[in-house]
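*Asks:* Input final.tsv, format and content: TSV, C-alpha atoms.
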```tsv
chain	number	residue	atom	x	y	z
A	246	MET	CA	-5.59	-39.56	24.50
A	247	THR	CA	-3.64	-42.23	26.27
A	248	THR	CA	-0.54	-42.32	24.06
A	249	THR	CA	2.62	-41.14	25.75
A	250	THR	CA	4.38	-39.77	22.68
A	251	ALA	CA	3.24	-36.90	20.42
A	252	PRO	CA	-0.15	-36.60	22.07
A	253	ILE	CA	-2.83	-34.40	20.63
A	254	ARG	CA	-4.30	-32.77	23.71
A	255	ASN	CA	-7.16	-30.27	23.56
A	256	GLY	CA	-6.77	-30.38	19.79
A	257	VAL	CA	-3.17	-29.20	20.13
A	258	ASP	CA	-0.39	-31.35	18.66
A	259	THR	CA	2.11	-30.81	21.46
A	260	ALA	CA	4.95	-32.46	19.52
A	261	GLN	CA	4.44	-29.90	16.75
A	262	VAL	CA	4.36	-27.08	19.31
A	263	TYR	CA	7.59	-28.18	20.96
A	264	GLY	CA	9.22	-28.66	17.57
A	265	THR	CA	8.33	-25.11	16.62
A	266	LEU	CA	9.61	-23.73	19.92
A	267	ASP	CA	12.92	-25.52	19.38
A	268	ALA	CA	13.17	-24.12	15.85
A	269	VAL	CA	12.53	-20.57	17.10
A	270	LYS	CA	15.07	-21.00	19.89
A	271	ALA	CA	17.63	-22.07	17.28
A	272	ASP	CA	16.84	-19.25	14.82
A	273	ALA	CA	15.34	-16.10	16.32
A	274	ALA	CA	14.46	-14.73	12.87
A	275	LEU	CA	11.65	-17.29	12.78
A	276	ALA	CA	9.95	-15.44	15.65
A	277	ARG	CA	9.07	-12.37	13.60
A	278	PHE	CA	5.39	-12.16	12.62
A	279	GLU	CA	3.77	-9.44	10.58
A	280	PHE	CA	-0.03	-9.56	10.45
A	281	ARG	CA	-2.00	-7.44	8.00
A	282	ALA	CA	-5.45	-6.19	7.12
A	283	THR	CA	-6.71	-3.99	4.34
A	284	ASN	CA	-9.94	-2.08	4.77
A	285	ARG	CA	-12.28	-0.13	2.51
A	286	TRP	CA	-15.10	2.21	3.49
A	287	ILE	CA	-18.53	1.25	2.14
A	288	ASN	CA	-21.03	3.82	3.51
A	289	GLY	CA	-21.71	5.56	6.82
A	290	PRO	CA	-19.94	3.55	9.56
A	291	HIS	CA	-19.82	0.41	7.39
A	292	SER	CA	-16.44	-0.82	6.15
A	293	ARG	CA	-14.93	-4.11	5.03
A	294	SER	CA	-11.57	-5.68	5.83
A	295	THR	CA	-9.73	-8.31	3.87
A	296	ILE	CA	-7.26	-10.52	5.73
A	297	HIS	CA	-5.13	-12.94	3.78
A	298	GLY	CA	-1.36	-13.35	3.93
A	299	PHE	CA	1.10	-12.68	6.73
A	300	TRP	CA	4.79	-13.03	7.37
A	301	GLY	CA	5.79	-15.56	10.01
A	302	ALA	CA	8.27	-18.33	10.80
A	303	GLY	CA	10.68	-17.00	8.20
A	304	GLN	CA	8.36	-16.88	5.21
A	305	GLU	CA	5.27	-15.39	3.64
A	306	ASP	CA	2.40	-17.63	4.64
A	307	THR	CA	0.46	-19.14	1.74
A	308	SER	CA	-1.80	-21.50	3.65
A	309	ARG	CA	-4.97	-19.48	3.05
A	310	GLU	CA	-6.37	-20.11	-0.40
A	311	VAL	CA	-9.02	-17.42	-0.09
A	312	PRO	CA	-8.98	-14.27	2.03
A	313	PHE	CA	-11.12	-13.74	5.09
A	314	VAL	CA	-13.58	-10.89	4.61
A	315	LEU	CA	-14.88	-9.07	7.70
A	316	ASP	CA	-17.31	-6.17	7.89
A	317	ALA	CA	-17.62	-3.65	10.69
A	318	SER	CA	-20.41	-1.17	11.31
A	319	GLU	CA	-22.61	0.21	14.08
A	320	PRO	CA	-26.14	-0.28	15.39
A	321	PRO	CA	-28.76	2.41	14.65
A	322	VAL	CA	-28.17	4.20	17.98
A	323	LEU	CA	-24.60	4.77	16.77
A	324	PHE	CA	-25.75	5.74	13.25
A	325	GLY	CA	-25.32	2.44	11.45
A	326	ASP	CA	-27.66	-0.31	10.37
A	327	ASN	CA	-26.21	-3.36	12.18
A	328	GLU	CA	-24.42	-4.54	9.05
A	329	ALA	CA	-21.82	-6.13	11.37
A	330	PRO	CA	-20.53	-5.94	14.96
A	331	ASN	CA	-18.93	-2.64	15.86
A	332	PRO	CA	-15.17	-2.17	16.24
A	333	ALA	CA	-15.26	-2.17	20.06
A	334	GLU	CA	-17.11	-5.50	19.98
A	335	PHE	CA	-14.43	-6.89	17.65
A	336	VAL	CA	-11.86	-6.01	20.31
A	337	LEU	CA	-13.80	-8.09	22.85
A	338	HIS	CA	-13.95	-10.99	20.37
A	339	ALA	CA	-10.20	-10.72	19.74
A	340	LEU	CA	-9.50	-10.72	23.48
A	341	ALA	CA	-11.81	-13.69	24.12
A	342	GLY	CA	-10.33	-15.71	21.27
A	343	CYS	CA	-6.76	-14.98	22.31
A	344	LEU	CA	-7.15	-15.71	26.02
A	345	THR	CA	-9.04	-18.90	25.16
A	346	LEU	CA	-6.47	-20.30	22.74
A	347	THR	CA	-3.69	-19.39	25.14
A	348	ILE	CA	-5.46	-21.24	27.98
A	349	VAL	CA	-5.83	-24.24	25.66
A	350	ASN	CA	-2.15	-24.18	24.61
A	351	VAL	CA	-0.91	-23.78	28.20
A	352	ALA	CA	-3.16	-26.64	29.36
A	353	ALA	CA	-1.89	-28.87	26.54
A	354	ALA	CA	1.72	-28.14	27.50
A	355	ARG	CA	0.91	-29.01	31.11
A	356	LYS	CA	-0.81	-32.26	30.11
A	357	VAL	CA	-4.25	-31.09	31.21
A	358	ALA	CA	-7.25	-32.21	29.14
A	359	LEU	CA	-9.89	-29.47	29.11
A	360	THR	CA	-13.59	-30.11	28.66
A	361	GLU	CA	-14.83	-26.51	28.63
A	362	VAL	CA	-13.49	-23.00	28.20
A	363	SER	CA	-16.21	-20.39	27.96
A	364	SER	CA	-16.19	-16.71	28.71
A	365	THR	CA	-18.29	-13.60	28.96
A	366	LEU	CA	-16.70	-10.21	28.29
A	367	VAL	CA	-17.99	-6.76	29.08
A	368	GLY	CA	-16.33	-3.51	27.99
A	369	VAL	CA	-17.62	-0.24	29.39
A	370	LEU	CA	-17.16	3.20	27.89
A	371	ASP	CA	-18.59	6.68	28.30
A	372	ALA	CA	-19.41	8.19	24.91
A	373	ARG	CA	-18.73	11.69	26.19
A	374	GLY	CA	-15.09	10.90	25.40
A	375	ALA	CA	-15.28	9.77	21.78
A	376	THR	CA	-17.95	12.34	20.90
A	377	GLY	CA	-15.77	15.16	22.20
A	378	ILE	CA	-18.45	16.32	24.65
A	379	ASP	CA	-16.15	15.98	27.67
A	380	ASP	CA	-12.43	15.36	27.33
A	381	SER	CA	-12.16	14.11	30.91
A	382	TYR	CA	-13.48	10.77	29.59
A	383	ARG	CA	-11.28	8.58	27.44
A	384	ASN	CA	-12.47	7.48	23.99
A	385	GLY	CA	-12.08	3.76	24.57
A	386	PHE	CA	-13.03	1.24	27.22
A	387	GLU	CA	-12.69	2.43	30.82
A	388	HIS	CA	-12.31	-1.20	31.74
A	389	VAL	CA	-12.97	-4.70	30.46
A	390	ARG	CA	-14.16	-7.61	32.57
A	391	VAL	CA	-13.59	-11.20	31.43
A	392	GLU	CA	-15.28	-14.07	33.27
A	393	PHE	CA	-14.10	-17.56	32.35
A	394	SER	CA	-15.55	-20.93	33.11
A	395	VAL	CA	-12.78	-23.52	32.74
A	396	LYS	CA	-13.33	-27.23	33.29
A	397	GLY	CA	-10.86	-30.03	32.87
A	398	ASP	CA	-9.02	-33.00	34.20
A	399	ALA	CA	-6.93	-31.21	36.86
A	400	PRO	CA	-7.28	-29.88	40.38
A	401	ARG	CA	-8.77	-26.43	40.86
A	402	GLU	CA	-5.37	-24.89	41.70
A	403	LYS	CA	-3.82	-26.18	38.49
A	404	LEU	CA	-6.68	-24.82	36.37
A	405	GLU	CA	-6.37	-21.44	38.09
A	406	GLU	CA	-2.63	-21.46	37.45
A	407	ILE	CA	-3.26	-22.20	33.76
A	408	VAL	CA	-5.56	-19.18	33.46
A	409	GLU	CA	-3.00	-16.94	35.19
A	410	ARG	CA	-0.23	-18.19	32.93
A	411	ALA	CA	-2.39	-17.64	29.83
A	412	LYS	CA	-3.06	-14.06	30.93
A	413	ALA	CA	0.69	-13.52	31.19
A	414	ARG	CA	1.20	-14.90	27.65
A	415	SER	CA	-1.78	-13.68	25.64
A	416	VAL	CA	-0.99	-11.48	22.65
A	417	VAL	CA	-4.27	-9.54	22.71
A	418	TYR	CA	-4.41	-9.24	26.50
A	419	ASP	CA	-1.04	-7.50	26.19
A	420	ILE	CA	-2.22	-5.29	23.30
A	421	VAL	CA	-5.29	-4.15	25.25
A	422	SER	CA	-3.64	-3.85	28.67
A	423	ASN	CA	-0.49	-2.05	27.56
A	424	PRO	CA	0.23	0.77	25.12
A	425	VAL	CA	1.03	-0.20	21.53
A	426	PRO	CA	2.63	2.50	19.38
A	427	VAL	CA	0.30	3.09	16.42
A	428	ASP	CA	1.49	5.20	13.48
A	429	VAL	CA	-1.27	6.57	11.31
A	430	ILE	CA	-0.24	8.11	8.03
A	431	ALA	CA	-2.60	9.40	5.38
A	432	GLU	CA	-2.28	10.07	1.71
A	433	VAL	CA	-5.04	12.55	0.92
A	434	GLY	CA	-6.59	14.35	-2.04
B	68	MET	CA	-26.43	16.29	-1.48
B	69	THR	CA	-27.45	19.88	-2.09
B	70	THR	CA	-30.10	20.26	0.62
B	71	THR	CA	-29.17	22.66	3.39
B	72	THR	CA	-31.14	20.99	6.19
B	73	ALA	CA	-30.69	17.51	7.63
B	74	PRO	CA	-28.22	16.39	4.98
B	75	ILE	CA	-27.10	12.81	4.73
B	76	ARG	CA	-23.41	13.13	4.05
B	77	ASN	CA	-21.11	10.12	3.58
B	78	GLY	CA	-24.08	7.99	4.59
B	79	VAL	CA	-24.25	9.81	7.93
B	80	ASP	CA	-27.49	11.56	8.90
B	81	THR	CA	-25.89	14.61	10.49
B	82	ALA	CA	-29.21	15.84	11.94
B	83	GLN	CA	-29.54	12.55	13.80
B	84	VAL	CA	-25.95	12.80	15.01
B	85	TYR	CA	-26.39	16.34	16.33
B	86	GLY	CA	-29.71	15.37	17.94
B	87	THR	CA	-27.98	12.52	19.77
B	88	LEU	CA	-25.12	14.74	20.90
B	89	ASP	CA	-27.63	17.25	22.30
B	90	ALA	CA	-29.47	14.46	24.13
B	91	VAL	CA	-26.21	13.18	25.67
B	92	LYS	CA	-25.21	16.72	26.70
B	93	ALA	CA	-28.59	17.10	28.44
B	94	ASP	CA	-28.44	13.69	30.17
B	95	ALA	CA	-24.99	12.26	30.78
B	96	ALA	CA	-26.43	8.87	31.75
B	97	LEU	CA	-27.14	8.30	28.05
B	98	ALA	CA	-23.39	8.26	27.39
B	99	ARG	CA	-22.79	4.96	29.16
B	100	PHE	CA	-22.20	2.02	26.80
B	101	GLU	CA	-21.56	-1.57	27.79
B	102	PHE	CA	-20.54	-3.87	24.93
B	103	ARG	CA	-20.44	-7.63	25.36
B	104	ALA	CA	-19.26	-10.86	23.81
B	105	THR	CA	-19.58	-14.46	24.90
B	106	ASN	CA	-17.11	-17.02	23.66
B	107	ARG	CA	-16.85	-20.80	23.67
B	108	TRP	CA	-13.84	-22.96	22.90
B	109	ILE	CA	-14.34	-25.45	20.05
B	110	ASN	CA	-11.01	-27.28	19.57
B	111	GLY	CA	-7.31	-26.38	19.50
B	112	PRO	CA	-7.07	-22.61	18.92
B	113	HIS	CA	-10.58	-22.45	17.44
B	114	SER	CA	-13.30	-20.65	19.39
B	115	ARG	CA	-16.57	-18.91	18.63
B	116	SER	CA	-17.98	-15.62	19.93
B	117	THR	CA	-21.58	-14.52	20.00
B	118	ILE	CA	-22.30	-10.78	20.00
B	119	HIS	CA	-25.86	-9.62	20.43
B	120	GLY	CA	-27.21	-7.05	22.89
B	121	PHE	CA	-25.49	-4.11	24.56
B	122	TRP	CA	-26.41	-1.30	26.91
B	123	GLY	CA	-26.31	2.20	25.46
B	124	ALA	CA	-28.17	5.49	25.31
B	125	GLY	CA	-30.05	4.65	28.49
B	126	GLN	CA	-31.43	1.28	27.51
B	127	GLU	CA	-30.73	-2.29	26.53
B	128	ASP	CA	-30.42	-2.32	22.75
B	129	THR	CA	-32.85	-4.64	20.98
B	130	SER	CA	-32.14	-3.65	17.39
B	131	ARG	CA	-30.38	-6.89	16.49
B	132	GLU	CA	-32.85	-9.65	15.78
B	133	VAL	CA	-30.19	-12.32	15.51
B	134	PRO	CA	-26.75	-12.42	17.11
B	135	PHE	CA	-23.50	-11.99	15.22
B	136	VAL	CA	-21.36	-15.14	15.34
B	137	LEU	CA	-17.60	-14.79	14.90
B	138	ASP	CA	-14.96	-17.49	14.95
B	139	ALA	CA	-11.28	-17.08	15.75
B	140	SER	CA	-8.47	-19.53	15.16
B	141	GLU	CA	-4.92	-19.73	13.85
B	142	PRO	CA	-3.13	-20.77	10.65
B	143	PRO	CA	-1.24	-24.09	10.63
B	144	VAL	CA	2.09	-22.44	11.51
B	145	LEU	CA	0.43	-21.35	14.76
B	146	PHE	CA	-1.21	-24.75	15.28
B	147	GLY	CA	-4.67	-24.08	13.86
B	148	ASP	CA	-6.38	-24.90	10.59
B	149	ASN	CA	-7.31	-21.41	9.30
B	150	GLU	CA	-10.89	-21.79	10.52
B	151	ALA	CA	-10.97	-17.99	10.92
B	152	PRO	CA	-8.61	-15.00	11.23
B	153	ASN	CA	-6.47	-15.03	14.35
B	154	PRO	CA	-7.08	-12.73	17.34
B	155	ALA	CA	-4.26	-10.33	16.46
B	156	GLU	CA	-5.72	-9.92	12.97
B	157	PHE	CA	-9.11	-9.15	14.54
B	158	VAL	CA	-7.44	-6.30	16.44
B	159	LEU	CA	-6.22	-4.86	13.12
B	160	HIS	CA	-9.73	-5.17	11.68
B	161	ALA	CA	-11.21	-3.44	14.74
B	162	LEU	CA	-8.68	-0.62	14.46
B	163	ALA	CA	-9.27	-0.18	10.72
B	164	GLY	CA	-13.04	-0.16	11.11
B	165	CYS	CA	-12.96	2.30	13.99
B	166	LEU	CA	-10.56	4.80	12.44
B	167	THR	CA	-12.50	4.61	9.18
B	168	LEU	CA	-15.93	5.27	10.67
B	169	THR	CA	-14.49	8.06	12.80
B	170	ILE	CA	-12.97	9.70	9.70
B	171	VAL	CA	-16.36	9.40	7.99
B	172	ASN	CA	-18.23	10.91	10.96
B	173	VAL	CA	-15.76	13.77	11.37
B	174	ALA	CA	-15.91	14.53	7.64
B	175	ALA	CA	-19.73	14.54	7.72
B	176	ALA	CA	-19.72	16.98	10.64
B	177	ARG	CA	-17.32	19.23	8.71
B	178	LYS	CA	-19.46	19.09	5.57
B	179	VAL	CA	-16.88	17.18	3.57
B	180	ALA	CA	-18.13	14.57	1.09
B	181	LEU	CA	-15.69	11.67	0.91
B	182	THR	CA	-15.23	9.46	-2.12
B	183	GLU	CA	-12.69	6.99	-0.71
B	184	VAL	CA	-11.34	5.84	2.62
B	185	SER	CA	-9.10	2.81	2.34
B	186	SER	CA	-6.33	1.56	4.58
B	187	THR	CA	-3.61	-1.01	4.99
B	188	LEU	CA	-2.59	-2.09	8.48
B	189	VAL	CA	0.49	-3.99	9.59
B	190	GLY	CA	1.11	-5.23	13.12
B	191	VAL	CA	4.50	-6.66	14.00
B	192	LEU	CA	5.31	-8.99	16.86
B	193	ASP	CA	8.15	-11.22	17.97
B	194	ALA	CA	6.83	-14.62	19.04
B	195	ARG	CA	9.67	-15.04	21.52
B	196	GLY	CA	7.47	-12.99	23.86
B	197	ALA	CA	4.19	-14.90	23.76
B	198	THR	CA	5.91	-18.29	23.64
B	199	GLY	CA	7.88	-17.48	26.79
B	200	ILE	CA	11.22	-18.07	25.05
B	201	ASP	CA	12.51	-14.58	25.89
B	202	ASP	CA	10.72	-12.26	28.28
B	203	SER	CA	12.51	-9.22	26.92
B	204	TYR	CA	9.96	-9.27	24.08
B	205	ARG	CA	6.38	-8.28	24.74
B	206	ASN	CA	3.57	-10.70	23.89
B	207	GLY	CA	1.64	-8.33	21.67
B	208	PHE	CA	2.35	-6.00	18.78
B	209	GLU	CA	5.61	-4.05	19.03
B	210	HIS	CA	3.99	-1.50	16.78
B	211	VAL	CA	1.17	-1.06	14.30
B	212	ARG	CA	1.34	0.96	11.12
B	213	VAL	CA	-1.84	2.27	9.46
B	214	GLU	CA	-1.69	3.80	5.99
B	215	PHE	CA	-4.82	5.57	4.80
B	216	SER	CA	-5.83	6.78	1.40
B	217	VAL	CA	-8.53	9.44	1.85
B	218	LYS	CA	-10.19	11.22	-1.05
B	219	GLY	CA	-12.96	13.78	-0.95
B	220	ASP	CA	-14.33	17.15	-1.81
B	221	ALA	CA	-11.97	19.25	0.32
B	222	PRO	CA	-8.46	20.69	0.18
B	223	ARG	CA	-5.58	18.48	1.21
B	224	GLU	CA	-5.12	20.34	4.52
B	225	LYS	CA	-8.73	19.80	5.52
B	226	LEU	CA	-8.56	16.06	4.74
B	227	GLU	CA	-5.36	15.76	6.77
B	228	GLU	CA	-7.03	17.61	9.64
B	229	ILE	CA	-9.99	15.19	9.49
B	230	VAL	CA	-7.66	12.18	9.80
B	231	GLU	CA	-5.86	13.79	12.76
B	232	ARG	CA	-9.15	14.58	14.47
B	233	ALA	CA	-10.41	11.03	13.88
B	234	LYS	CA	-7.24	9.63	15.47
B	235	ALA	CA	-7.89	11.80	18.52
B	236	ARG	CA	-11.48	10.48	18.77
B	237	SER	CA	-11.29	6.83	17.78
B	238	VAL	CA	-12.42	4.32	20.41
B	239	VAL	CA	-10.18	1.47	19.23
B	240	TYR	CA	-7.17	3.68	18.52
B	241	ASP	CA	-7.42	4.67	22.18
B	242	ILE	CA	-7.84	1.06	23.35
B	243	VAL	CA	-4.75	-0.08	21.42
B	244	SER	CA	-2.57	2.99	22.10
B	245	ASN	CA	-3.31	3.31	25.81
B	246	PRO	CA	-3.63	0.83	28.66
B	247	VAL	CA	-7.10	-0.54	29.38
B	248	PRO	CA	-7.57	-2.26	32.76
B	249	VAL	CA	-8.65	-5.84	32.06
B	250	ASP	CA	-9.92	-8.00	34.92
B	251	VAL	CA	-9.83	-11.71	34.23
B	252	ILE	CA	-11.64	-13.94	36.68
B	253	ALA	CA	-12.07	-17.66	36.32
B	254	GLU	CA	-14.46	-20.14	37.78
B	255	VAL	CA	-12.70	-23.47	37.50
B	256	GLY	CA	-13.32	-27.13	38.21
```
Starting from the file, give its structure as structure tokens.

*Replies:*
Amino acid sequence: MTTTTAPIRNGVDTAQVYGTLDAVKADAALARFEFRATNRWINGPHSRSTIHGFWGAGQEDTSREVPFVLDASEPPVLFGDNEAPNPAEFVLHALAGCLTLTIVNVAAARKVALTEVSSTLVGVLDARGATGIDDSYRNGFEHVRVEFSVKGDAPREKLEEIVERAKARSVVYDIVSNPVPVDVIAEVG
Amino acid sequence: MTTTTAPIRNGVDTAQVYGTLDAVKADAALARFEFRATNRWINGPHSRSTIHGFWGAGQEDTSREVPFVLDASEPPVLFGDNEAPNPAEFVLHALAGCLTLTIVNVAAARKVALTEVSSTLVGVLDARGATGIDDSYRNGFEHVRVEFSVKGDAPREKLEEIVERAKARSVVYDIVSNPVPVDVIAEVG
């Protein structure tokens, strides 16, 4: 893009982004977002989530005409039949998607045109935790490693700075890196 | 099921599960799992992950003939076009799927036949964090609420105990509730 006003950079309409930021600055109630999923067990480790509406920017979102439907399961070695990725793999996907879109948004704001953002993620865990064999191991990932390849129209230092800034602003990086209070309540019987 | 040996309960082959647990107890190296995702930016907030192999139970898994492909994006209010659920919603799906399959596994081990496991999840965040408008808000979820409905062939107390035990053993509940070290490295240019 060579226009100097309202450029769409990296597929991001920066005028729209700045407009939204101004609106949120003026009315903090617009900043509240409430995302939702409903899930139903199918069989064995296989379940299905439905994701549709959410609250955000001061209203119930109605932009999605049909819900998203996502399955989760396990491979045979974890007693499923590969009906879908497993939940831990969905966490890696969420982290990849979030860091990537945050890199893209930060680059757009800094007037950097990107040509590539790709990543490889690895999450390691010891199943002695989750199986209850040895409580000295945690249930979840011991660590996650994310390797990005980022290419664009900016010097190396600026691209590195964009990745660092994205890390400091990513919703899912925060959720994974820091504790989130999770209340689980159950109606049984 | 009325058989007394090797029952399949809730779709879980408990003989297989106990066999695997015995194998892991005998050889701790089998407990190491390494899950992976690769991701590539498409445009704006839209990216695509590929999930295929993983390391687990002492070998590279080859049970998946074709990879899983998952997109992530944002709704228009967050500058996307609803190409897919957003990353925060994927975290809710991962959490729902993981708690559900852990409830099912725990119930199977305790000889409880379930008839329903359904859940509704809500994750709340204040976008003043992730947008950088006000650093006193975190980027990610302030809290997540999970409401289960669990029905099965057991007294109320036993079903409640199963949910509590599942919470204490869920991989993704742990990942979300507790800090996971995440290394992000970037090759740029």

*Asks:* Quick one: residues within 9 Å of Ala273 (chain A), all atoms listed in the file, excluding same-chain residues fewer than 5 positions away - as a list in words?

*Replies:*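 What passes the distance filter is Ala268 of chain A; Asp193 and Arg195 of chain B.
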
*Asks:* What are the nearest atom pairs, with distances in Å to one decimal, for all residues of region 141-221 of chain B that come at most 8 Å from region 423-432 of chain A, using only C-alpha atoms, set out by chain and rising residue number as a tab-separated table?

*Replies:*
```
residue	atom	partner	partner_atom	distance
B:Phe208	CA	A:Val425	CA	6.6
B:Glu209	CA	A:Val425	CA	6.5
B:His210	CA	A:Pro426	CA	5.0
B:Val211	CA	A:Val427	CA	4.7
B:Arg212	CA	A:Asp428	CA	4.9
B:Val213	CA	A:Val429	CA	4.7
B:Glu214	CA	A:Ile430	CA	5.0
B:Phe215	CA	A:Ala431	CA	4.5
B:Ser216	CA	A:Glu432	CA	4.9
B:Val217	CA	A:Glu432	CA	6.3
```

*Asks:* Which residue gives the smallest distance to chain B among A:Pro312, A:Pro252, A:Gly264, A:Gly385, with all atoms listed in the file counted?

*Replies:*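 Using all atoms listed in the file, chain B sits closest to A:Gly385.
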
*Asks:* Mind checking which residues fall within 12 Å of Leu266 (chain A), counting all atoms listed in the file, ignoring those fewer than 6 positions away in the same chain, and posting them as a list in words?

*Replies:* Thr259, Ala260, Asp272, Ala273, Leu275, Ala276, Ala302 and Ala354 of chain A; Val144, Leu145, Phe146, Ala194, Arg195, Gly196, Ala197, Thr198, Gly199, Ile200 and Asp201 of chain B

*Asks:* Give me, as a PyMOL selection string, all polymer residues having an atom no more than 8 Å from Ala399 (chain A), counting all atoms listed in the file and skipping those fewer than 4 positions away in the same chain.

*Replies:* (chain A and resi 357-358+403-404) or (chain B and resi 256)

*Asks:* B:Thr182, B:Arg177, B:Arg76, B:Arg107: which is nearest chain A, counting only C-alpha atoms?

*Replies:*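 Nearest to chain A: B:Arg107.
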
*Asks:* Return the single residue from A:Glu334, A:Glu310, A:Glu328, A:Glu305 that is closest to chain B, with distances computed using only C-alpha atoms.

*Replies:*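 Answer, going by the shortest atom-to-atom distance: A:Glu334.
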
*Asks:* Quick check, in Å to one decimal: how far apart do CA of Arg383 (chain A) and CA of Val238 (chain B) lie?

*Replies:*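 Answer for the CA of Arg383 (chain A) to CA of Val238 (chain B) separation: 8.3 Å.
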
*Asks:* How many Å separate CA of Gly123 (chain B) from CA of Glu319 (chain A)?

*Replies:*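 Between these atoms lies a distance of 12.1 Å.
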
*Asks:* For Ile348 (chain A), list every protein, DNA or RNA residue within 9 Å, evaluated using all atoms listed in the file, and leave out those in the same chain fewer than 3 positions away; present the list as a ChimeraX atom specification.

*Replies:* /A:343-345,351-353,362,407-412,415

*Asks:* Show me the residues around (-16.1, -14.6, 18.0) - criterion: an atom at most 12 Å away, only C-alpha atoms counted - as a CSV table (one decimal) with C-alpha atoms, in the frame of the given file.

*Replies:*
```csv
chain,number,residue,atom,x,y,z
A,315,LEU,CA,-14.9,-9.1,7.7
A,330,PRO,CA,-20.5,-5.9,15.0
A,334,GLU,CA,-17.1,-5.5,20.0
A,335,PHE,CA,-14.4,-6.9,17.6
A,336,VAL,CA,-11.9,-6.0,20.3
A,337,LEU,CA,-13.8,-8.1,22.8
A,338,HIS,CA,-14.0,-11.0,20.4
A,339,ALA,CA,-10.2,-10.7,19.7
A,340,LEU,CA,-9.5,-10.7,23.5
A,341,ALA,CA,-11.8,-13.7,24.1
A,342,GLY,CA,-10.3,-15.7,21.3
A,343,CYS,CA,-6.8,-15.0,22.3
A,345,THR,CA,-9.0,-18.9,25.2
A,363,SER,CA,-16.2,-20.4,28.0
A,364,SER,CA,-16.2,-16.7,28.7
A,365,THR,CA,-18.3,-13.6,29.0
A,366,LEU,CA,-16.7,-10.2,28.3
B,103,ARG,CA,-20.4,-7.6,25.4
B,104,ALA,CA,-19.3,-10.9,23.8
B,105,THR,CA,-19.6,-14.5,24.9
B,106,ASN,CA,-17.1,-17.0,23.7
B,107,ARG,CA,-16.8,-20.8,23.7
B,108,TRP,CA,-13.8,-23.0,22.9
B,109,ILE,CA,-14.3,-25.4,20.0
B,113,HIS,CA,-10.6,-22.4,17.4
B,114,SER,CA,-13.3,-20.6,19.4
B,115,ARG,CA,-16.6,-18.9,18.6
B,116,SER,CA,-18.0,-15.6,19.9
B,117,THR,CA,-21.6,-14.5,20.0
B,118,ILE,CA,-22.3,-10.8,20.0
B,119,HIS,CA,-25.9,-9.6,20.4
B,134,PRO,CA,-26.8,-12.4,17.1
B,135,PHE,CA,-23.5,-12.0,15.2
B,136,VAL,CA,-21.4,-15.1,15.3
B,137,LEU,CA,-17.6,-14.8,14.9
B,138,ASP,CA,-15.0,-17.5,15.0
B,139,ALA,CA,-11.3,-17.1,15.8
B,140,SER,CA,-8.5,-19.5,15.2
B,150,GLU,CA,-10.9,-21.8,10.5
B,151,ALA,CA,-11.0,-18.0,10.9
B,152,PRO,CA,-8.6,-15.0,11.2
B,153,ASN,CA,-6.5,-15.0,14.4
B,154,PRO,CA,-7.1,-12.7,17.3
B,157,PHE,CA,-9.1,-9.2,14.5
```

*Asks:* CA of Ile242 (chain B) and CA of Val421 (chain A) are how many Å apart?

*Replies:* 6.1 Å

*Asks:* Determine the nearest neighbour of chain A from the options B:Ala93, B:Leu181, B:Val133, B:Val79, counting only C-alpha atoms.

*Replies:*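 Nearest to chain A: B:Val79.
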
*Asks:* What would region 94-103 of chain B look like if you wrote it out as a short mmCIF file (atom, residue, chain, number, x, y, z; two decimals), in the first residue's frame, with N, CA and C atoms included, from the block I just posted?

*Replies:*
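Final file, part21.cif:
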```cif
data_model
loop_
_atom_site.label_atom_id
_atom_site.label_comp_id
_atom_site.auth_asym_id
_atom_site.auth_seq_id
_atom_site.Cartn_x
_atom_site.Cartn_y
_atom_site.Cartn_z
N ASP B 94 8.64 -48.20 33.07
CA ASP B 94 9.64 -47.51 32.25
C ASP B 94 9.23 -46.05 32.10
N ALA B 95 9.82 -45.22 32.97
CA ALA B 95 9.41 -43.82 33.05
C ALA B 95 9.64 -43.06 31.75
N ALA B 96 10.55 -43.54 30.91
CA ALA B 96 10.81 -42.85 29.64
C ALA B 96 9.56 -42.82 28.76
N LEU B 97 8.66 -43.77 28.96
CA LEU B 97 7.42 -43.80 28.17
C LEU B 97 6.50 -42.63 28.49
N ALA B 98 6.74 -41.98 29.63
CA ALA B 98 5.84 -40.90 30.07
C ALA B 98 6.08 -39.58 29.34
N ARG B 99 7.20 -39.48 28.63
CA ARG B 99 7.51 -38.21 27.98
C ARG B 99 6.66 -38.01 26.72
N PHE B 100 5.93 -36.89 26.68
CA PHE B 100 5.16 -36.52 25.50
C PHE B 100 5.62 -35.16 25.00
N GLU B 101 5.68 -35.05 23.69
CA GLU B 101 6.06 -33.78 23.06
C GLU B 101 5.03 -33.51 21.97
N PHE B 102 4.14 -32.54 22.24
CA PHE B 102 3.11 -32.19 21.25
C PHE B 102 3.58 -30.99 20.43
N ARG B 103 3.09 -30.90 19.21
CA ARG B 103 3.61 -29.89 18.28
C ARG B 103 2.52 -29.27 17.43
#
```
